[in-house]
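Undergrad: One file is attached below, data.txt, containing compact mmCIF, C-alpha atoms.
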# COMPACT_ATOMS: atom_id res chain seq x y z
CA MET A 1032 66.03 -6.50 48.24
CA ARG A 1033 62.41 -5.43 47.96
CA ALA A 1034 61.88 -6.25 51.63
CA VAL A 1035 64.81 -4.01 52.59
CA ARG A 1036 63.45 -1.18 50.46
CA GLY A 1037 60.04 -1.64 52.08
CA LEU A 1038 61.52 -1.39 55.56
CA VAL A 1039 63.40 1.78 54.57
CA ALA A 1040 60.31 3.32 52.98
CA ARG A 1041 57.99 2.61 55.91
CA PRO A 1042 59.50 5.19 58.33
CA TRP A 1043 59.22 7.88 55.67
CA ARG A 1044 55.66 6.88 54.90
CA PHE A 1045 54.82 6.89 58.60
CA ALA A 1046 56.39 10.35 58.98
CA ALA A 1047 54.41 11.66 56.00
CA GLU A 1048 51.15 10.27 57.37
CA ALA A 1049 51.91 11.75 60.80
CA CYS A 1050 52.57 15.17 59.26
CA ALA A 1051 49.34 14.95 57.27
CA LEU A 1052 47.42 14.04 60.42
CA LEU A 1053 49.00 16.95 62.30
CA VAL A 1054 48.06 19.39 59.55
CA ALA A 1055 44.49 18.04 59.54
CA VAL A 1056 44.23 18.54 63.31
CA VAL A 1057 45.52 22.10 63.07
CA VAL A 1058 43.07 22.92 60.26
CA ALA A 1059 40.12 21.30 62.04
CA SER A 1060 40.80 22.90 65.45
CA PRO A 1061 39.04 26.24 64.71
CA LEU A 1062 36.03 24.37 63.35
CA TYR A 1063 35.93 22.21 66.47
CA TRP A 1064 36.02 25.25 68.76
CA MET A 1065 33.31 26.92 66.69
CA VAL A 1066 30.94 23.96 66.99
CA LEU A 1067 31.86 23.47 70.65
CA GLY A 1068 31.15 27.14 71.40
CA ALA A 1069 27.77 26.83 69.69
CA PHE A 1070 26.75 24.01 72.05
CA LYS A 1071 28.28 25.39 75.24
CA PRO A 1072 25.99 27.09 77.78
CA ALA A 1073 26.57 30.80 78.37
CA GLY A 1074 28.35 30.22 81.68
CA GLU A 1075 31.01 27.99 80.16
CA ILE A 1076 31.60 30.32 77.20
CA ARG A 1077 32.30 33.26 79.52
CA SER A 1078 34.45 31.18 81.88
CA SER A 1079 38.00 32.40 82.44
CA GLU A 1080 39.18 28.78 82.19
CA PRO A 1081 37.96 27.45 78.82
CA ARG A 1082 37.80 23.71 78.40
CA PRO A 1083 37.89 21.77 75.12
CA TRP A 1084 34.69 19.94 76.03
CA THR A 1085 31.31 20.46 77.64
CA LEU A 1086 29.33 18.12 79.87
CA GLU A 1087 26.12 20.15 79.54
CA PRO A 1088 25.49 20.80 75.82
CA SER A 1089 22.78 23.33 75.12
CA LEU A 1090 20.77 24.39 72.05
CA ASP A 1091 19.98 27.86 73.40
CA SER A 1092 22.42 29.55 71.02
CA PHE A 1093 20.84 27.85 68.01
CA ARG A 1094 17.38 28.86 69.21
CA ARG A 1095 18.45 32.50 69.39
CA VAL A 1096 19.96 32.33 65.90
CA LEU A 1097 17.08 30.51 64.20
CA GLY A 1098 14.57 32.61 66.12
CA GLN A 1099 15.99 35.83 64.70
CA GLN A 1100 13.25 37.58 62.77
CA GLU A 1101 15.14 38.15 59.50
CA PHE A 1102 17.28 34.99 59.54
CA GLY A 1103 15.27 33.26 56.81
CA ARG A 1104 15.53 36.28 54.52
CA TYR A 1105 19.29 36.54 55.11
CA PHE A 1106 19.68 32.84 54.31
CA LEU A 1107 17.66 33.18 51.09
CA ASN A 1108 19.68 36.26 50.04
CA SER A 1109 22.93 34.35 50.53
CA LEU A 1110 21.60 31.47 48.42
CA VAL A 1111 20.55 33.87 45.64
CA VAL A 1112 23.93 35.63 45.62
CA ALA A 1113 26.03 32.46 45.76
CA GLY A 1114 23.86 30.63 43.21
CA ALA A 1115 23.89 33.54 40.76
CA VAL A 1116 27.67 33.90 41.07
CA VAL A 1117 28.28 30.18 40.52
CA ILE A 1118 26.02 29.93 37.45
CA ALA A 1119 26.99 33.22 35.81
CA SER A 1120 30.73 32.91 36.42
CA GLY A 1121 30.71 29.27 35.26
CA VAL A 1122 28.96 30.01 31.96
CA ILE A 1123 31.01 33.14 31.22
CA ALA A 1124 34.29 31.45 32.17
CA PHE A 1125 33.49 28.43 29.98
CA LEU A 1126 32.77 30.60 26.94
CA ALA A 1127 35.80 32.82 27.57
CA ALA A 1128 38.14 29.87 28.10
CA THR A 1129 36.91 28.32 24.86
CA ALA A 1130 37.45 31.59 23.01
CA VAL A 1131 41.02 32.18 24.21
CA THR A 1132 41.93 28.53 23.59
CA ARG A 1133 40.31 27.70 20.27
CA PHE A 1134 40.50 31.05 18.46
CA ARG A 1135 43.44 33.19 17.40
CA PHE A 1136 42.93 36.94 17.67
CA ARG A 1137 44.91 40.07 18.42
CA PHE A 1138 45.87 40.80 22.02
CA ARG A 1139 44.97 37.28 23.12
CA THR A 1140 48.19 36.93 25.13
CA THR A 1141 47.70 40.41 26.57
CA LEU A 1142 44.22 39.46 27.66
CA LEU A 1143 45.49 36.34 29.45
CA ILE A 1144 48.16 38.39 31.22
CA MET A 1145 45.46 40.87 32.27
CA PHE A 1146 43.60 37.99 33.90
CA LEU A 1147 46.70 37.19 35.96
CA VAL A 1148 47.21 40.83 36.92
CA ALA A 1149 43.59 41.03 38.06
CA GLN A 1150 44.25 38.15 40.46
CA MET A 1151 47.13 40.07 42.08
CA VAL A 1152 45.09 43.13 43.05
CA PRO A 1153 43.82 42.92 46.67
CA VAL A 1154 40.06 43.04 47.07
CA GLU A 1155 40.39 45.66 49.80
CA ALA A 1156 42.11 48.05 47.39
CA LEU A 1157 39.12 47.93 45.03
CA THR A 1158 36.32 48.18 47.58
CA ILE A 1159 36.11 51.99 47.56
CA PRO A 1160 36.21 52.31 43.74
CA LEU A 1161 33.57 49.59 43.51
CA PHE A 1162 31.43 51.45 46.03
CA PHE A 1163 31.37 54.57 43.88
CA LEU A 1164 30.76 52.46 40.78
CA MET A 1165 27.77 50.75 42.39
CA ARG A 1166 26.47 54.09 43.60
CA ASP A 1167 26.67 55.58 40.09
CA PHE A 1168 24.79 52.59 38.65
CA GLY A 1169 22.17 52.72 41.41
CA GLN A 1170 23.02 49.25 42.72
CA LEU A 1171 23.68 50.08 46.37
CA ASN A 1172 21.41 48.26 48.83
CA THR A 1173 20.65 45.58 46.22
CA LEU A 1174 21.82 42.01 45.79
CA GLY A 1175 23.25 43.04 42.43
CA SER A 1176 25.97 45.01 44.25
CA LEU A 1177 27.13 41.69 45.74
CA ILE A 1178 26.65 39.48 42.69
CA LEU A 1179 28.46 41.59 40.10
CA PRO A 1180 31.77 42.10 42.01
CA HIS A 1181 31.98 38.43 42.93
CA ILE A 1182 31.44 37.39 39.32
CA ALA A 1183 34.21 39.76 38.26
CA PHE A 1184 36.64 38.50 40.90
CA SER A 1185 35.94 34.81 40.24
CA LEU A 1186 36.29 34.98 36.46
CA PRO A 1187 40.12 35.30 36.11
CA PHE A 1188 40.79 32.17 38.17
CA ALA A 1189 37.97 30.24 36.50
CA ILE A 1190 39.10 31.19 32.98
CA TRP A 1191 42.71 30.21 33.63
CA MET A 1192 41.68 26.88 35.13
CA LEU A 1193 39.14 26.01 32.42
CA ARG A 1194 41.61 27.00 29.73
CA GLY A 1195 43.67 23.91 30.56
CA PHE A 1196 40.61 21.65 30.35
CA VAL A 1197 39.49 23.08 27.01
CA LYS A 1198 43.04 22.83 25.63
CA ALA A 1199 43.24 19.18 26.66
CA VAL A 1200 40.23 18.28 24.51
CA PRO A 1201 41.76 17.11 21.18
CA GLU A 1202 40.95 19.23 18.16
CA ALA A 1203 40.41 16.00 16.24
CA LEU A 1204 37.27 15.47 18.30
CA GLU A 1205 35.98 18.88 17.23
CA GLU A 1206 36.76 18.17 13.56
CA ALA A 1207 35.00 14.80 13.77
CA ALA A 1208 31.93 16.46 15.23
CA TYR A 1209 31.83 18.97 12.38
CA LEU A 1210 32.20 16.19 9.81
CA ASP A 1211 29.23 14.43 11.40
CA GLY A 1212 27.13 17.56 10.87
CA ALA A 1213 27.30 19.09 14.35
CA SER A 1214 27.16 22.87 14.48
CA ARG A 1215 29.60 24.89 16.56
CA THR A 1216 26.89 25.54 19.16
CA ARG A 1217 26.03 21.85 19.42
CA PHE A 1218 29.67 20.87 19.80
CA LEU A 1219 30.13 23.56 22.43
CA TRP A 1220 27.27 22.51 24.72
CA GLN A 1221 26.77 18.81 23.98
CA ILE A 1222 30.37 17.65 23.57
CA LEU A 1223 32.84 20.17 24.98
CA PHE A 1224 30.79 21.23 28.00
CA PRO A 1225 30.46 17.70 29.49
CA LEU A 1226 34.19 17.12 29.02
CA VAL A 1227 35.20 20.24 30.96
CA LEU A 1228 32.45 19.83 33.57
CA PRO A 1229 34.90 18.59 36.26
CA GLY A 1230 36.85 21.83 35.87
CA LEU A 1231 33.65 23.85 36.10
CA VAL A 1232 32.74 22.04 39.32
CA ALA A 1233 36.16 22.80 40.80
CA THR A 1234 35.89 26.50 39.99
CA SER A 1235 32.28 26.62 41.22
CA VAL A 1236 33.37 25.47 44.68
CA PHE A 1237 35.75 28.42 45.04
CA SER A 1238 33.15 30.83 43.65
CA PHE A 1239 30.46 29.52 45.99
CA ILE A 1240 32.64 29.72 49.11
CA SER A 1241 33.83 33.23 48.25
CA ALA A 1242 30.31 34.56 47.65
CA TRP A 1243 28.74 32.69 50.58
CA ASN A 1244 31.25 33.88 53.18
CA ASP A 1245 31.56 37.44 51.89
CA PHE A 1246 31.43 40.10 54.59
CA LEU A 1247 33.44 42.97 53.10
CA PHE A 1248 31.16 43.71 50.14
CA ALA A 1249 28.00 43.06 52.16
CA LYS A 1250 29.14 45.53 54.81
CA SER A 1251 30.25 48.13 52.24
CA PHE A 1252 27.41 48.01 49.70
CA ILE A 1253 24.34 47.15 51.84
CA ILE A 1254 24.07 50.34 53.88
CA SER A 1255 20.48 51.04 54.90
CA ASP A 1256 18.22 48.30 53.48
CA THR A 1257 18.74 45.39 55.87
CA SER A 1258 16.29 43.24 53.90
CA GLN A 1259 19.09 42.82 51.32
CA SER A 1260 21.65 41.63 53.87
CA THR A 1261 23.24 38.19 53.78
CA LEU A 1262 24.10 35.67 56.49
CA PRO A 1263 27.54 37.09 57.41
CA MET A 1264 25.82 40.38 58.23
CA ALA A 1265 23.39 38.53 60.50
CA LEU A 1266 26.28 37.69 62.81
CA LEU A 1267 26.59 41.36 63.69
CA VAL A 1268 23.28 41.11 65.54
CA PHE A 1269 24.98 38.92 68.14
CA TYR A 1270 28.15 40.97 68.37
CA GLU A 1271 27.87 43.94 70.69
CA PRO A 1272 31.16 45.68 71.58
CA ASP A 1273 30.29 45.81 75.28
CA ASP A 1274 28.51 42.47 75.62
CA PRO A 1275 29.07 40.11 72.66
CA ASP A 1276 26.94 36.97 72.45
CA TRP A 1277 29.71 34.53 71.57
CA GLY A 1278 27.32 31.58 71.71
CA GLY A 1279 25.11 33.22 69.08
CA VAL A 1280 28.12 34.08 66.91
CA MET A 1281 29.41 30.49 67.05
CA ALA A 1282 25.95 29.02 66.42
CA GLY A 1283 25.39 31.37 63.48
CA SER A 1284 28.79 30.49 62.05
CA THR A 1285 27.99 26.79 62.40
CA VAL A 1286 24.69 27.21 60.57
CA MET A 1287 26.51 29.15 57.83
CA THR A 1288 28.98 26.29 57.39
CA ILE A 1289 26.32 23.62 56.76
CA PRO A 1290 25.35 24.72 53.20
CA VAL A 1291 29.04 24.83 52.22
CA LEU A 1292 29.52 21.27 53.48
CA VAL A 1293 26.37 20.11 51.67
CA PHE A 1294 27.51 21.73 48.43
CA PHE A 1295 30.96 20.18 48.81
CA VAL A 1296 29.51 16.70 49.40
CA LEU A 1297 27.26 16.99 46.33
CA VAL A 1298 30.15 17.87 44.01
CA GLN A 1299 32.90 15.91 45.74
CA ARG A 1300 33.43 13.28 43.05
CA ARG A 1301 33.61 15.74 40.19
CA LEU A 1302 35.73 18.08 42.31
CA VAL A 1303 38.39 15.41 42.83
CA SER A 1304 38.55 14.65 39.11
CA GLY A 1305 38.58 18.36 38.33
CA LEU A 1306 41.52 19.11 40.62
CA GLY A 1307 43.31 15.97 39.46
CA GLY A 1308 43.68 17.18 35.90
CA ALA A 1309 42.02 17.67 32.57
CA VAL A 1310 40.76 15.03 30.18
CA LYS A 1311 43.35 13.06 28.27
CA ASP A 1312 43.72 12.71 24.52
What is this file in structure tokens?

TA:
Amino acid sequence: MRAVRGLVARPWRFAAEACALLVAVVVASPLYWMVLGAFKPAGEIRSSEPRPWTLEPSLDSFRRVLGQQEFGRYFLNSLVVAGAVVIASGVIAFLAATAVTRFRFRFRTTLLIMFLVAQMVPVEALTIPLFFLMRDFGQLNTLGSLILPHIAFSLPFAIWMLRGFVKAVPEALEEAAYLDGASRTRFLWQILFPLVLPGLVATSVFSFISAWNDFLFAKSFIISDTSQSTLPMALLVFYEPDDPDWGGVMAGSTVMTIPVLVFFVLVQRRLVSGLGGAVKD
């Protein structure tokens, strides 16, 4: 009977694996064309008959990108923005999630609903109001104009996700810590924080990717001081309406992808456990 069930289940398993492979190919295709375009010589990129391979790989596009005068500054600015967003949003979201989970106060449910509503508002609809807000606070042409909006937009998702992790930590553990003489601050950072760390890692990945790949805010808030630009803005150097340097654009995009992959590899184990669920009682 088990053998019959196994034979029946195998076609479905094979179909599921085939669908998963197909989805993976579709998702990876743009990345493949990006990397391929970065290594193609200029003649093949401009060819009217594009081919999904190249027999003469070239590093000229990477030389033009890395040889750009301000590339190092753009890269450092992106690291500062993404790092500040990840750290600040993680700490604030952890404290806020703990507050809305462990404490009872007026308008707590209203506050949680406000977090959901904030997620529904398109970023494009808030760009102009944010521009005037940054102008009034004197933050235009500074990295602060990129850090603050990304922190604000990443907090609702991070708070909602961390709320489940904090809620899953048994209150008995907190009571035992207090009986052993631990203060609330010590319990918060030495006991609760390590337990919800997988959730923090999961939210940090989304915050990092959002801040690292941001083009809308960088284009809107960094107007005249190019020294405050980030890597996505550097791609505009290679894009001319009449004669775009597609090799430079693809090479720049490939270089931009490397830090994201490195960050993902570093946090991969904790990310899997964070997306898999909270700690168990």

Undergrad: Choose the residue, out of A:Ser1176, A:Ser1078, A:Thr1129, A:Thr1141, that has the smallest atom-to-atom separation from Thr1158 in chain A; count all atoms listed in the file.

TA: A:Ser1176

Undergrad: Given all atoms listed in the file as the basis, pick out the residue of A:Phe1162, A:Phe1134, A:Phe1093, A:Val1232 nearest to Lys1198 in chain A.

TA: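 For Lys1198 in chain A, the nearest of the given residues is A:Phe1134.
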
Undergrad: Which of these, A:Pro1187, A:Pro1081, A:Gly1278, A:Gly1212, has the shortest distance to Leu1142 in chain A once you count only C-alpha atoms?

TA: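 Under the stated criterion, the closest residue is A:Pro1187.
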
Undergrad: Excluding Trp1277 in chain A and its own-chain neighbours fewer than 3 positions away, which residues fall within 12 Å of it when counting only C-alpha atoms? Please give them as a ChimeraX atom specification.

TA: /A:1064-1078,1091-1093,1095-1096,1266-1274,1280-1284

Undergrad: Pick the closest to Arg1194 in chain A from A:Phe1252, A:Phe1102, A:Tyr1063, A:Phe1146: which is it, counting only C-alpha atoms?

TA: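 The closest residue to Arg1194 in chain A is A:Phe1146.
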
Undergrad: Find, counting only C-alpha atoms, the residue in A:Phe1218, A:Phe1106, A:Phe1168, A:Phe1125 that gets nearest to Pro1290 in chain A.

TA: A:Phe1106

Undergrad: Could you tell me which of A:Arg1139, A:Arg1104, A:Arg1094, A:Arg1082 comes closest to Thr1261 in chain A if we count only C-alpha atoms?

TA: A:Arg1104

Undergrad: Separation of CA of Leu1193 in chain A and CA of Leu1228 in chain A, in Å?

TA: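 Distance between the two atoms: 9.2 Å.
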
Undergrad: Distance CA of Ala1189 in chain A-CA of Ile1118 in chain A, one decimal place?

TA: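 Taking CA of Ala1189 in chain A and CA of Ile1118 in chain A, their separation equals 12.0 Å.
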
Undergrad: Leu1147 in chain A: which residues within 12 Å, counting only C-alpha atoms, same-chain residues fewer than 3 positions away excluded, as a list in words?

TA: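 Near Leu1147 in chain A, the qualifying residues are Thr1140, Thr1141, Leu1142, Leu1143, Ile1144, Gln1150, Met1151, Val1152, Phe1184, Ser1185, Leu1186, Pro1187, Phe1188, Ala1189, Ile1190, Trp1191 and Met1192 of chain A.
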
Undergrad: How far is it from CA of Arg1137 in chain A to CA of Val1227 in chain A, in Å with one decimal?

TA: 25.4 Å
